[in-house]
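> This is run-v8.txt (compact mmCIF, C-alpha atoms).
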```txt
# COMPACT_ATOMS: atom_id res chain seq x y z
CA MET K 1042 253.30 71.20 54.39
CA TYR K 1043 254.68 71.10 57.94
CA GLN K 1044 252.38 72.21 60.74
CA PHE K 1045 253.24 72.24 64.41
CA ASN K 1046 251.77 69.37 66.38
CA ARG K 1047 252.55 69.31 70.09
CA GLU K 1048 252.28 65.53 70.43
CA GLU K 1049 254.54 64.86 67.45
CA TYR K 1050 256.97 67.50 68.69
CA GLU K 1051 257.24 65.95 72.16
CA LYS K 1052 257.78 62.52 70.61
CA ARG K 1053 260.71 63.54 68.42
CA MET K 1054 262.28 65.45 71.33
CA GLU K 1055 262.37 62.45 73.67
CA TRP K 1056 265.88 61.23 72.82
CA TYR K 1057 267.25 64.77 72.89
CA ARG K 1058 265.87 65.55 76.35
CA ASP K 1059 267.21 62.24 77.59
CA ALA K 1060 270.69 62.72 76.10
CA ARG K 1061 271.55 66.03 77.78
CA PHE K 1062 275.20 66.05 76.60
CA GLY K 1063 276.64 66.34 73.10
CA MET K 1064 279.80 67.26 71.21
CA PHE K 1065 280.10 70.18 68.79
CA ILE K 1066 282.95 70.00 66.25
CA HIS K 1067 284.16 73.02 64.27
CA TRP K 1068 286.60 71.95 61.57
CA GLY K 1069 287.46 73.32 58.16
CA LEU K 1070 289.93 75.41 56.18
CA TYR K 1071 290.14 77.90 59.07
CA SER K 1072 291.82 75.20 61.18
CA ILE K 1073 295.01 75.72 59.16
CA PRO K 1074 295.67 79.41 59.97
CA ALA K 1075 294.38 78.48 63.46
CA ARG K 1076 293.05 81.89 64.43
CA GLY K 1077 289.38 80.94 64.75
CA GLU K 1078 286.63 80.03 62.30
CA TRP K 1079 285.75 83.68 61.56
CA ILE K 1080 289.25 84.53 60.31
CA ARG K 1081 288.14 85.41 56.78
CA SER K 1082 285.74 87.96 58.23
CA THR K 1083 287.79 89.31 61.14
CA GLU K 1084 290.88 89.80 58.96
CA GLU K 1085 288.83 90.83 55.88
CA MET K 1086 290.58 88.29 53.67
CA THR K 1087 289.80 88.10 49.97
CA ILE K 1088 288.93 84.76 48.40
CA GLU K 1089 292.36 84.80 46.78
CA GLU K 1090 294.13 85.29 50.11
CA TYR K 1091 292.11 82.48 51.69
CA GLN K 1092 292.65 80.11 48.75
CA LYS K 1093 296.02 78.87 50.02
CA TYR K 1094 294.25 77.03 52.83
CA PHE K 1095 292.01 75.24 50.33
CA GLU K 1096 295.08 74.12 48.41
CA GLU K 1097 296.78 72.92 51.59
CA PHE K 1098 293.85 71.10 53.25
CA ASP K 1099 294.56 67.35 53.30
CA ALA K 1100 292.78 65.97 56.41
CA ARG K 1101 295.70 63.58 56.74
CA ASP K 1102 294.92 62.53 60.33
CA TYR K 1103 291.13 62.61 60.02
CA LYS K 1104 289.74 59.59 61.86
CA PRO K 1105 286.11 60.28 62.71
CA ARG K 1106 285.70 56.89 64.39
CA GLU K 1107 288.25 58.06 66.99
CA TRP K 1108 286.31 61.31 67.39
CA ALA K 1109 283.11 59.36 67.99
CA ARG K 1110 284.79 57.03 70.46
CA MET K 1111 286.13 59.98 72.45
CA ALA K 1112 282.68 61.56 72.52
CA LYS K 1113 281.10 58.30 73.67
CA GLN K 1114 283.74 57.73 76.35
CA ALA K 1115 283.12 61.27 77.62
CA GLY K 1116 279.47 60.36 78.15
CA MET K 1117 278.13 62.30 75.19
CA LYS K 1118 275.09 60.97 73.37
CA TYR K 1119 275.15 62.99 70.13
CA MET K 1120 277.56 64.89 67.89
CA VAL K 1121 277.23 67.90 65.59
CA LEU K 1122 279.82 68.56 62.85
CA THR K 1123 280.20 71.71 60.74
CA ALA K 1124 279.27 70.32 57.31
CA LYS K 1125 279.63 73.89 56.01
CA HIS K 1126 280.71 77.03 57.83
CA HIS K 1127 280.44 80.69 56.87
CA ASP K 1128 283.47 80.60 54.56
CA GLY K 1129 281.37 78.45 52.22
CA PHE K 1130 283.72 75.46 52.22
CA CYS K 1131 281.88 72.12 52.29
CA LEU K 1132 283.14 69.03 54.07
CA PHE K 1133 280.58 67.10 52.00
CA ASP K 1134 280.51 66.31 48.28
CA SER K 1135 278.08 68.91 46.91
CA LYS K 1136 277.33 68.87 43.21
CA TYR K 1137 276.51 72.58 43.32
CA THR K 1138 280.00 73.91 44.11
CA GLU K 1139 283.64 73.17 43.48
CA TYR K 1140 284.49 74.55 46.94
CA LYS K 1141 284.46 71.23 48.77
CA ALA K 1142 286.66 68.64 50.44
CA THR K 1143 286.52 66.27 47.48
CA ASN K 1144 288.43 68.87 45.44
CA THR K 1145 291.20 69.29 48.02
CA LYS K 1146 294.12 67.00 48.75
CA ALA K 1147 291.77 65.17 51.14
CA GLY K 1148 289.91 64.00 48.05
CA ARG K 1149 286.89 62.48 49.73
CA ASP K 1150 283.52 63.17 51.35
CA LEU K 1151 284.40 63.83 54.98
CA VAL K 1152 280.78 64.13 56.13
CA LYS K 1153 280.02 60.65 54.81
CA GLU K 1154 282.84 59.20 56.90
CA TYR K 1155 281.73 61.17 59.95
CA VAL K 1156 278.10 60.05 59.72
CA GLU K 1157 279.12 56.41 59.38
CA ALA K 1158 281.52 56.68 62.34
CA VAL K 1159 278.99 58.32 64.66
CA ARG K 1160 276.35 55.74 63.83
CA ALA K 1161 278.85 52.93 64.38
CA GLU K 1162 279.42 54.14 67.95
CA GLY K 1163 275.68 54.27 68.63
CA LEU K 1164 275.50 58.06 68.91
CA LYS K 1165 272.93 60.40 67.38
CA VAL K 1166 274.07 62.14 64.18
CA GLY K 1167 273.99 65.92 63.91
CA LEU K 1168 275.14 68.27 61.15
CA TYR K 1169 275.72 72.01 61.31
CA PHE K 1170 274.91 74.03 58.22
CA THR K 1171 275.39 77.77 57.94
CA LEU K 1172 272.88 80.05 56.26
CA LEU K 1173 275.70 82.46 55.42
CA ASP K 1174 278.19 81.96 52.59
CA TRP K 1175 281.14 84.28 52.06
CA TYR K 1176 282.30 82.36 48.99
CA HIS K 1177 279.15 82.55 46.88
CA ASP K 1178 278.99 85.44 44.40
CA ASP K 1179 275.32 86.12 45.06
CA TYR K 1180 275.60 86.48 48.82
CA PRO K 1181 275.65 90.19 49.87
CA HIS K 1182 279.21 91.48 50.16
CA TYR K 1183 279.49 95.25 50.61
CA GLN K 1184 277.96 96.60 53.86
CA ASP K 1185 276.77 93.19 55.02
CA ARG K 1186 277.64 93.14 58.71
CA ASN K 1187 279.64 89.90 58.54
CA HIS K 1188 281.03 89.53 55.03
CA PRO K 1189 284.83 89.86 54.66
CA MET K 1190 284.30 92.44 51.89
CA ARG K 1191 281.85 94.56 53.88
CA ASN K 1192 284.14 97.61 53.77
CA HIS K 1193 284.98 97.32 50.07
CA PRO K 1194 282.69 99.43 47.84
CA GLU K 1195 284.27 97.83 44.76
CA CYS K 1196 282.47 94.63 45.90
CA GLY K 1197 279.03 96.19 45.55
CA ASN K 1198 275.85 94.14 45.43
CA GLU K 1199 274.27 95.57 42.27
CA ASN K 1200 274.66 92.47 40.16
CA ARG K 1201 274.14 89.90 42.89
CA ASP K 1202 270.98 87.79 42.84
CA PHE K 1203 270.06 86.78 46.39
CA GLY K 1204 267.22 84.61 45.11
CA ARG K 1205 269.78 82.59 43.20
CA TYR K 1206 271.81 82.19 46.38
CA ILE K 1207 268.74 80.96 48.27
CA GLU K 1208 268.15 78.28 45.63
CA TYR K 1209 271.78 77.22 45.96
CA MET K 1210 271.57 77.07 49.75
CA HIS K 1211 268.31 75.09 49.67
CA ARG K 1212 269.77 72.59 47.23
CA GLN K 1213 272.74 71.99 49.48
CA VAL K 1214 270.46 71.42 52.48
CA GLU K 1215 268.52 68.97 50.31
CA GLU K 1216 271.78 67.15 49.60
CA ILE K 1217 272.68 66.67 53.25
CA CYS K 1218 269.09 65.59 53.99
CA THR K 1219 269.15 63.06 51.13
CA ASN K 1220 272.65 61.61 50.82
CA TYR K 1221 273.55 60.52 54.36
CA GLY K 1222 270.65 58.47 55.66
CA GLN K 1223 268.77 59.46 58.78
CA LEU K 1224 269.92 62.64 60.49
CA ASP K 1225 268.94 63.17 64.10
CA LEU K 1226 269.79 66.86 64.43
CA LEU K 1227 270.20 69.75 61.99
CA TRP K 1228 271.89 72.81 63.42
CA PHE K 1229 271.37 75.94 61.28
CA ASP K 1230 273.44 79.06 61.93
CA PHE K 1231 272.36 81.96 62.06
CA SER K 1232 269.98 84.91 61.57
CA TYR K 1233 270.96 88.57 61.93
CA ASP K 1234 269.62 92.01 61.03
CA ASP K 1235 266.96 91.48 58.33
CA MET K 1236 268.51 88.14 57.36
CA ARG K 1237 266.01 85.93 59.13
CA GLY K 1238 262.90 83.85 58.59
CA GLU K 1239 261.46 84.18 55.12
CA LYS K 1240 264.56 86.01 53.91
CA TRP K 1241 266.06 82.51 53.95
CA GLY K 1242 262.95 81.04 52.30
CA ALA K 1243 262.49 79.36 55.66
CA THR K 1244 258.99 77.92 55.25
CA ARG K 1245 259.86 76.29 51.95
CA LEU K 1246 263.20 75.12 53.33
CA ILE K 1247 261.69 73.43 56.39
CA ASN K 1248 258.85 71.88 54.42
CA MET K 1249 261.52 70.24 52.30
CA VAL K 1250 263.61 69.20 55.33
CA ARG K 1251 260.60 67.74 57.17
CA SER K 1252 259.52 65.81 54.08
CA LEU K 1253 262.98 64.22 53.78
CA GLN K 1254 263.81 63.90 57.49
CA PRO K 1255 260.51 63.99 59.43
CA GLN K 1256 262.15 62.94 62.69
CA VAL K 1257 265.01 65.47 62.64
CA ILE K 1258 265.41 68.02 65.44
CA ILE K 1259 266.21 71.57 64.31
CA ASP K 1260 267.58 74.52 66.28
CA ASN K 1261 265.97 77.98 66.35
CA ARG K 1262 268.46 79.98 64.29
CA LEU K 1263 266.38 80.33 61.16
CA GLU K 1264 264.55 82.90 63.31
CA VAL K 1265 267.17 84.24 65.70
CA SER K 1266 270.83 84.12 66.63
CA GLY K 1267 272.48 82.85 69.80
CA GLU K 1268 270.72 85.37 72.03
CA GLY K 1269 267.15 84.83 70.77
CA MET K 1270 264.26 82.58 71.76
CA GLY K 1271 262.06 82.18 68.67
CA SER K 1272 258.41 81.64 67.86
CA LEU K 1273 257.92 78.43 69.84
CA ALA K 1274 258.72 80.44 72.97
CA GLU K 1275 256.09 82.97 71.88
CA CYS K 1276 253.52 80.13 71.63
CA SER K 1277 252.91 81.03 67.98
CA PRO K 1278 255.25 78.61 66.17
CA THR K 1279 256.05 79.41 62.56
CA PRO K 1280 256.52 76.53 60.11
CA TYR K 1281 260.26 77.06 60.64
CA HIS K 1282 260.20 77.30 64.44
CA GLY K 1283 263.15 75.92 66.32
CA ASP K 1284 262.69 72.71 68.27
CA PHE K 1285 265.07 74.06 70.88
CA VAL K 1286 266.59 77.37 71.98
CA SER K 1287 270.35 77.70 71.45
CA PRO K 1288 272.02 80.09 73.92
CA GLU K 1289 275.67 80.55 72.98
CA GLN K 1290 278.52 80.81 75.49
CA ILE K 1291 276.07 81.35 78.34
CA ILE K 1292 273.88 79.24 80.60
CA PRO K 1293 270.51 80.92 81.19
CA PRO K 1294 270.14 82.22 84.77
CA ASN K 1295 266.95 80.17 85.08
CA GLY K 1296 265.23 77.42 83.15
CA LEU K 1297 263.52 78.66 80.00
CA LEU K 1298 259.73 78.74 79.71
CA ASP K 1299 257.40 79.68 76.89
CA LYS K 1300 254.83 82.44 77.32
CA GLU K 1301 252.30 79.97 78.67
CA GLY K 1302 254.71 78.65 81.29
CA ARG K 1303 255.71 75.36 79.61
CA PRO K 1304 259.38 74.34 79.86
CA LEU K 1305 261.33 74.97 76.67
CA ALA K 1306 263.97 72.62 75.35
CA TRP K 1307 267.31 74.41 75.19
CA GLU K 1308 270.97 73.70 74.64
CA ALA K 1309 273.92 75.81 75.78
CA CYS K 1310 276.69 75.57 73.18
CA VAL K 1311 280.04 76.32 74.80
CA THR K 1312 283.69 76.19 73.87
CA MET K 1313 286.42 74.42 75.83
CA ASN K 1314 288.72 77.40 75.42
CA ASN K 1315 287.81 80.74 73.80
CA HIS K 1316 287.42 79.67 70.15
CA TRP K 1317 285.18 77.34 68.19
CA GLY K 1318 287.64 76.57 65.42
CA TYR K 1319 291.21 75.56 66.27
CA CYS K 1320 293.36 78.39 67.60
CA GLY K 1321 297.03 77.59 68.03
CA THR K 1322 297.63 80.24 70.69
CA ASP K 1323 294.47 79.78 72.78
CA HIS K 1324 295.41 77.75 75.83
CA PHE K 1325 292.68 79.10 78.11
CA TYR K 1326 290.87 75.81 78.58
CA LYS K 1327 288.05 75.43 81.07
CA PRO K 1328 289.04 72.72 83.57
CA ALA K 1329 287.08 69.48 83.45
CA PRO K 1330 285.64 69.97 86.98
CA MET K 1331 284.20 73.31 85.90
CA LEU K 1332 282.65 71.80 82.76
CA ILE K 1333 281.15 68.95 84.79
CA LYS K 1334 279.53 71.44 87.14
CA LYS K 1335 278.24 73.49 84.21
CA LEU K 1336 276.75 70.38 82.63
CA VAL K 1337 274.98 69.68 85.92
CA GLU K 1338 273.78 73.29 85.99
CA CYS K 1339 272.30 72.94 82.50
CA VAL K 1340 270.47 69.73 83.41
CA SER K 1341 269.21 71.17 86.71
CA LYS K 1342 267.60 73.95 84.66
CA GLY K 1343 266.13 71.63 82.04
CA GLY K 1344 268.76 72.11 79.35
CA ASN K 1345 271.47 70.31 77.39
CA MET K 1346 275.15 71.12 76.96
CA LEU K 1347 276.83 70.98 73.54
CA LEU K 1348 280.57 71.11 74.26
CA ASN K 1349 282.85 72.12 71.38
CA VAL K 1350 286.12 70.64 70.18
CA GLY K 1351 288.15 72.33 67.44
CA PRO K 1352 290.38 69.76 65.70
CA ASP K 1353 293.71 70.99 64.32
CA ALA K 1354 294.67 71.42 60.66
CA TYR K 1355 295.21 67.70 60.19
CA GLY K 1356 292.09 66.52 62.03
CA ASN K 1357 293.50 65.78 65.48
CA PHE K 1358 291.75 66.76 68.70
CA PRO K 1359 294.06 69.05 70.72
CA PRO K 1360 295.79 67.08 73.51
CA ARG K 1361 294.25 69.30 76.22
CA SER K 1362 290.77 68.66 74.79
CA VAL K 1363 291.42 64.93 74.92
CA GLU K 1364 292.51 65.15 78.56
CA ILE K 1365 289.41 67.13 79.49
CA LEU K 1366 287.11 64.69 77.70
CA GLU K 1367 288.74 61.75 79.46
CA GLU K 1368 288.31 63.38 82.88
CA ILE K 1369 284.67 64.20 82.18
CA GLY K 1370 284.19 60.62 80.99
CA ARG K 1371 285.51 59.16 84.23
CA TRP K 1372 282.98 61.20 86.19
CA MET K 1373 280.12 60.42 83.80
CA LYS K 1374 280.80 56.69 83.97
CA LYS K 1375 280.00 56.74 87.68
CA ASN K 1376 277.44 59.53 87.77
CA GLY K 1377 275.70 59.58 84.39
CA ASP K 1378 272.40 58.48 85.95
CA SER K 1379 272.15 61.96 87.47
CA ILE K 1380 272.40 63.49 83.96
CA TYR K 1381 270.63 61.30 81.40
CA GLY K 1382 266.88 61.75 81.34
CA CYS K 1383 267.07 64.19 84.25
CA GLY K 1384 265.75 67.70 84.66
CA PRO K 1385 264.80 70.23 87.32
CA ALA K 1386 264.09 68.73 90.73
CA GLY K 1387 261.52 71.24 91.92
CA VAL K 1388 263.38 71.82 95.18
CA PRO K 1389 265.47 74.81 96.33
CA LYS K 1390 269.03 75.04 95.04
CA PRO K 1391 271.33 74.10 97.95
CA ASP K 1392 274.30 76.27 98.86
CA TYR K 1393 276.69 73.38 98.27
CA GLY K 1394 275.65 72.49 94.71
CA ARG K 1395 272.64 71.64 92.55
CA VAL K 1396 269.86 69.07 92.26
CA THR K 1397 268.66 67.09 89.26
CA ARG K 1398 265.76 64.67 89.15
CA LYS K 1399 264.46 61.68 87.23
CA GLY K 1400 261.17 60.16 88.30
CA ASN K 1401 261.15 59.57 92.07
CA THR K 1402 264.91 60.02 92.47
CA CYS K 1403 266.52 63.34 93.31
CA TYR K 1404 270.25 63.67 92.72
CA PHE K 1405 271.91 66.08 95.13
CA HIS K 1406 275.17 67.23 93.52
CA MET K 1407 277.66 68.29 96.17
CA PHE K 1408 280.33 70.64 94.83
CA GLU K 1409 281.62 71.23 98.36
CA ASN K 1410 281.16 69.66 101.77
CA THR K 1411 278.99 70.95 104.57
CA ILE K 1412 279.87 71.31 108.23
CA GLY K 1413 277.71 68.75 109.93
CA PRO K 1414 275.10 66.64 108.16
CA VAL K 1415 273.95 67.54 104.66
CA PRO K 1416 270.57 69.30 104.45
CA LEU K 1417 268.40 67.93 101.63
CA LEU K 1418 266.11 70.92 101.27
CA GLY K 1419 262.65 70.57 99.83
CA LEU K 1420 262.15 66.87 100.58
CA ASP K 1421 259.29 65.38 102.56
CA LYS K 1422 260.96 63.37 105.32
CA SER K 1423 258.16 60.82 105.34
CA ARG K 1424 258.73 60.02 101.66
CA VAL K 1425 262.50 59.39 101.74
CA LYS K 1426 262.94 55.70 100.91
CA LYS K 1427 266.73 55.47 100.74
CA ILE K 1428 269.88 57.51 100.10
CA ARG K 1429 272.83 56.10 98.21
CA ALA K 1430 276.17 57.43 97.02
CA LEU K 1431 275.66 57.32 93.26
CA ALA K 1432 279.28 56.57 92.38
CA ASP K 1433 279.53 53.31 94.33
CA GLY K 1434 276.06 52.62 95.70
CA TYR K 1435 276.84 52.60 99.39
CA GLU K 1436 274.15 53.56 101.88
CA ILE K 1437 274.05 57.10 103.23
CA PRO K 1438 272.10 57.15 106.48
CA VAL K 1439 269.59 59.79 107.40
CA SER K 1440 271.28 61.74 110.16
CA ASP K 1441 270.03 61.43 113.74
CA SER K 1442 272.06 64.45 114.78
CA TRP K 1443 270.85 66.84 117.47
CA VAL K 1444 270.34 69.47 114.73
CA HIS K 1445 267.00 67.82 113.99
CA SER K 1446 265.53 69.52 117.02
CA ASP K 1447 266.30 72.92 115.52
CA TYR K 1448 265.23 71.99 111.97
CA PRO K 1449 262.50 69.38 112.39
CA ASP K 1450 261.18 69.68 108.82
CA ILE K 1451 264.50 69.19 107.03
CA VAL K 1452 265.98 65.86 105.95
CA PHE K 1453 269.69 65.58 106.80
CA ALA K 1454 272.09 63.02 105.34
CA SER K 1455 275.15 61.87 107.25
CA LEU K 1456 278.43 61.58 105.33
CA GLY K 1457 280.42 60.66 108.42
CA PRO K 1458 283.37 62.49 110.00
CA ASP K 1459 285.60 63.01 106.94
CA PRO K 1460 285.55 66.72 106.02
CA VAL K 1461 286.78 65.95 102.49
CA LEU K 1462 284.27 64.71 99.92
CA PRO K 1463 285.13 61.39 98.22
CA ASP K 1464 284.77 63.22 94.89
CA PRO K 1465 286.04 66.81 95.19
CA THR K 1466 284.46 67.78 91.85
CA ASP K 1467 280.88 66.64 92.36
CA TYR K 1468 279.78 64.00 94.86
CA VAL K 1469 276.26 62.84 94.06
CA LEU K 1470 273.68 61.59 96.56
CA ALA K 1471 270.82 59.66 94.98
CA VAL K 1472 267.71 60.10 97.11
CA GLU K 1473 264.88 57.74 96.18
CA MET K 1474 261.41 58.83 97.24
CA ASN K 1475 258.30 56.78 97.86
CA GLU K 1476 255.29 57.50 95.66
```
Mind turning this structure into structure tokens?

Amino acid sequence: MYQFNREEYEKRMEWYRDARFGMFIHWGLYSIPARGEWIRSTEEMTIEEYQKYFEEFDARDYKPREWARMAKQAGMKYMVLTAKHHDGFCLFDSKYTEYKATNTKAGRDLVKEYVEAVRAEGLKVGLYFTLLDWYHDDYPHYQDRNHPMRNHPECGNENRDFGRYIEYMHRQVEEICTNYGQLDLLWFDFSYDDMRGEKWGATRLINMVRSLQPQVIIDNRLEVSGEGMGSLAECSPTPYHGDFVSPEQIIPPNGLLDKEGRPLAWEACVTMNNHWGYCGTDHFYKPAPMLIKKLVECVSKGGNMLLNVGPDAYGNFPPRSVEILEEIGRWMKKNGDSIYGCGPAGVPKPDYGRVTRKGNTCYFHMFENTIGPVPLLGLDKSRVKKIRALADGYEIPVSDSWVHSDYPDIVFASLGPDPVLPDPTDYVLAVEMNE
């Protein structure tokens, strides 16, 4: 039986805290109507109305190795794919349902191909698995807050056996923990109302998961949803505690701490546009410079960013997503040292940007230029060993400007006379400190 052990916990979290940046992928039948992954619920579709997408799904352009290469080139260190979303459709070959990719025109186990591709690119393998299932007969229909048939009294729950559904769900989790080799991350989604914790048979579920995948990292959504913290934050971890907190579509205003003041691992999951699953009319993409700055913000507060891509009906990344990933990748190639393995710097946030830290090096991220030399607040002048431009390694001198007489305790860096930063998105100064 699993019991929380702080030392073991910290050990399995090492790669995750070092990685800082991952890719979320939402892909399934909902990618065909292209109105978001909740379409069956939001439009209250019957199974029969939704069935046409099952019959059409062919994954004809599905090339997970290309997905993994794009993630790697963007500087991401891990990936998480929706093995099964709320509509109940499985991208993996489950022996407990006919509602799976192997029974569509695609005709094969898409999770198997994904896992092999991600491993081949040297990235950590993550799978998303929903606790909900709108396809299964024994999952609550009428008056459930999320089910497509919630407003249909003819779909009452009198003859539904939720215990039977829990056994089904557990068996599918066992399949993904058994059939695909080592998994690095398991992303459950999500708890709501009274559907949380032991309602999911959570202790038994996690004991099984930990026995099959003892090293796997698990999110906190067996206990909460995107806005919750969970029992690890309360310093009373349940057997099914989350290894990290999973704020959705928001970056916490400050770093997250447990009740005893220890930093919590957390991961902001965010979309590139306004949908998780592919939406053909959603062109409101966040620009790459904004996403770079938000990644830096996450790291400066001790968190990760899981950035979503919603492939289209055939399995292609949207062209705008590809462009954004490529632009992020160009920045990460030069500046990734200020992200990987970094966390809060313990110095004041400067007006011009943010600061991350790894060991004795502080990375001052400049989102905009200053007038005059750059103040490096919070540093002990006597400990500054050297300052370098991270992107190309050239020396940044400590300023000998007259302003020192007015601010004798502040370290200033001189960027020279050019009022325009060499990198207008985020110019990073690496400040190495003596012990």
> In Å, rounded to a single decimal, give me how far atom CA of Tyr1355 of chain K is from atom CA of Lys1327 of chain K.
23.4 Å
> When distances are computed from all atoms listed in the file, which of K:Thr1322, K:Thr1402, K:Asn1314, K:Gln1092 shows the smallest separation from Gly1351 of chain K?
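Among the listed residues, the smallest separation from Gly1351 of chain K belongs to K:Asn1314.
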> Separation of atom CA of Glu1162 of chain K and atom CA of Gly1116 of chain K, in Å?
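Separating atom CA of Glu1162 of chain K from atom CA of Gly1116 of chain K is a distance of 11.9 Å.
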> Can you tell me how far atom CA of Pro1288 of chain K sits from atom CA of Glu1268 of chain K, in Å to one decimal?
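Distance reported for this atom pair: 5.8 Å.
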> Got a sec: who's within 12 Å of Gly1419 of chain K, counting only C-alpha atoms, leaving out chain neighbours fewer than 3 positions off, as a ChimeraX atom specification?
/K:1386-1391,1396,1403,1405,1416,1422,1424-1425,1450-1453,1472
> Using only C-alpha atoms, which of the listed residues (K:Ile1380, K:Met1117, K:Met1210, K:Leu1470) sits closest to Ser1135 of chain K?
K:Met1210
> Can you find the residues with an atom no farther than 7 Å from (264.6, 72.6, 77.9), counting only C-alpha atoms, and report them as a PyMOL selection string?
chain K and resi 1297+1304-1307+1343-1344
> In terms of the shortest atom-to-atom distance over all atoms listed in the file, which of K:Ser1446, K:Thr1279, K:Gln1114, K:Gln1256 is closest to Leu1164 of chain K?
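Of the candidates, the smallest distance to Leu1164 of chain K is held by K:Gln1114.
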> Which residues come within 9 Å of Leu1332 of chain K, counting all atoms listed in the file, excluding same-chain residues fewer than 4 positions away, as a tab-separated table (two decimals) with C-alpha atoms, in the frame of the given file?

```tsv
chain	number	residue	atom	x	y	z
K	1313	MET	CA	286.42	74.42	75.83
K	1327	LYS	CA	288.05	75.43	81.07
K	1328	PRO	CA	289.04	72.72	83.57
K	1336	LEU	CA	276.75	70.38	82.63
K	1337	VAL	CA	274.98	69.68	85.92
K	1348	LEU	CA	280.57	71.11	74.26
K	1365	ILE	CA	289.41	67.13	79.49
K	1369	ILE	CA	284.67	64.20	82.18
```
> Need to verify the contact set: Asp1353 of chain K, 8 Å, all atoms listed in the file, exclusion of same-chain residues closer than 6 positions in sequence. Can you return it as a tab-separated table (two decimals) with C-alpha atoms, in the frame of the given file?

```
chain	number	residue	atom	x	y	z
K	1068	TRP	CA	286.60	71.95	61.57
K	1072	SER	CA	291.82	75.20	61.18
K	1073	ILE	CA	295.01	75.72	59.16
K	1075	ALA	CA	294.38	78.48	63.46
K	1319	TYR	CA	291.21	75.56	66.27
K	1359	PRO	CA	294.06	69.05	70.72
```
> Taking all atoms listed in the file into account, name the residue in K:Arg1262, K:His1126, K:Lys1375, K:Arg1110 that is nearest to Ser1232 of chain K.
K:Arg1262
> Can you tell me which residues surround Cys1218 of chain K at a distance of at most 9 Å, considering all atoms listed in the file, apart from same-chain residues fewer than 4 positions away, and format the answer as number ranges by chain?
K: 1213-1214, 1222-1224, 1250, 1253-1254
> For the point (271.8, 59.6, 82.8) in the file's frame, write as a PyMOL selection string all residues with an atom no more than 10 Å away, counting only C-alpha atoms.
chain K and resi 1059-1062+1116+1373-1383+1399
> I'd like a table as CSV: residues in segment 1070-1183 of chain K with an atom no more than 6 Å from segment 1195-1204 of chain K, each row giving the shortest atom pair and its distance in Å to one decimal, only C-alpha atoms counted, sorted by chain and rising residue number.

```
residue,atom,partner,partner_atom,distance
K:Asp1179,CA,K:Arg1201,CA,4.5
K:Pro1181,CA,K:Asn1198,CA,5.9
K:Tyr1183,CA,K:Gly1197,CA,5.2
```
> Considering all atoms listed in the file, can you say which of K:Glu1338, K:Glu1139, K:Glu1055, K:Asp1134 comes closest to Phe1095 of chain K?
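With all atoms listed in the file as the atom set, the closest residue is K:Glu1139.
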> Mind running segment 1275-1347 of chain K against segment 1237-1249 of chain K at 12 Å and telling me each contacting residue's nearest atom pair with the distance in Å (one decimal), counting all atoms listed in the file, chain and number ascending, as a tab-separated table?

```
residue	atom	partner	partner_atom	distance
K:Pro1278	CA	K:Thr1244	CA	11.6
K:Thr1279	CA	K:Thr1244	CA	8.0
K:Pro1280	CA	K:Thr1244	CA	5.6
K:Tyr1281	CA	K:Thr1244	CA	5.6
K:His1282	CA	K:Ile1247	CA	9.1
K:Gly1283	CA	K:Ile1247	CA	10.3
K:Asp1284	CA	K:Ile1247	CA	11.9
```
> From the list K:Lys1300, K:Ala1109, K:Lys1104, K:Pro1360, which residue is nearest Gly1163 of chain K when using all atoms listed in the file?
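Between K:Lys1300, K:Ala1109, K:Lys1104, K:Pro1360, the residue approaching Gly1163 of chain K most closely is K:Ala1109.
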> What's around Pro1352 of chain K at 12 Å? Count only C-alpha atoms, leave out sequence neighbours fewer than 6 positions away in its own chain, and write the answer as a VMD selection string.
chain K and resid 1065 to 1073 1075 1077 to 1078 1100 1102 to 1105 1107 to 1108 1122 to 1123 1313 1316 to 1321 1358 to 1363
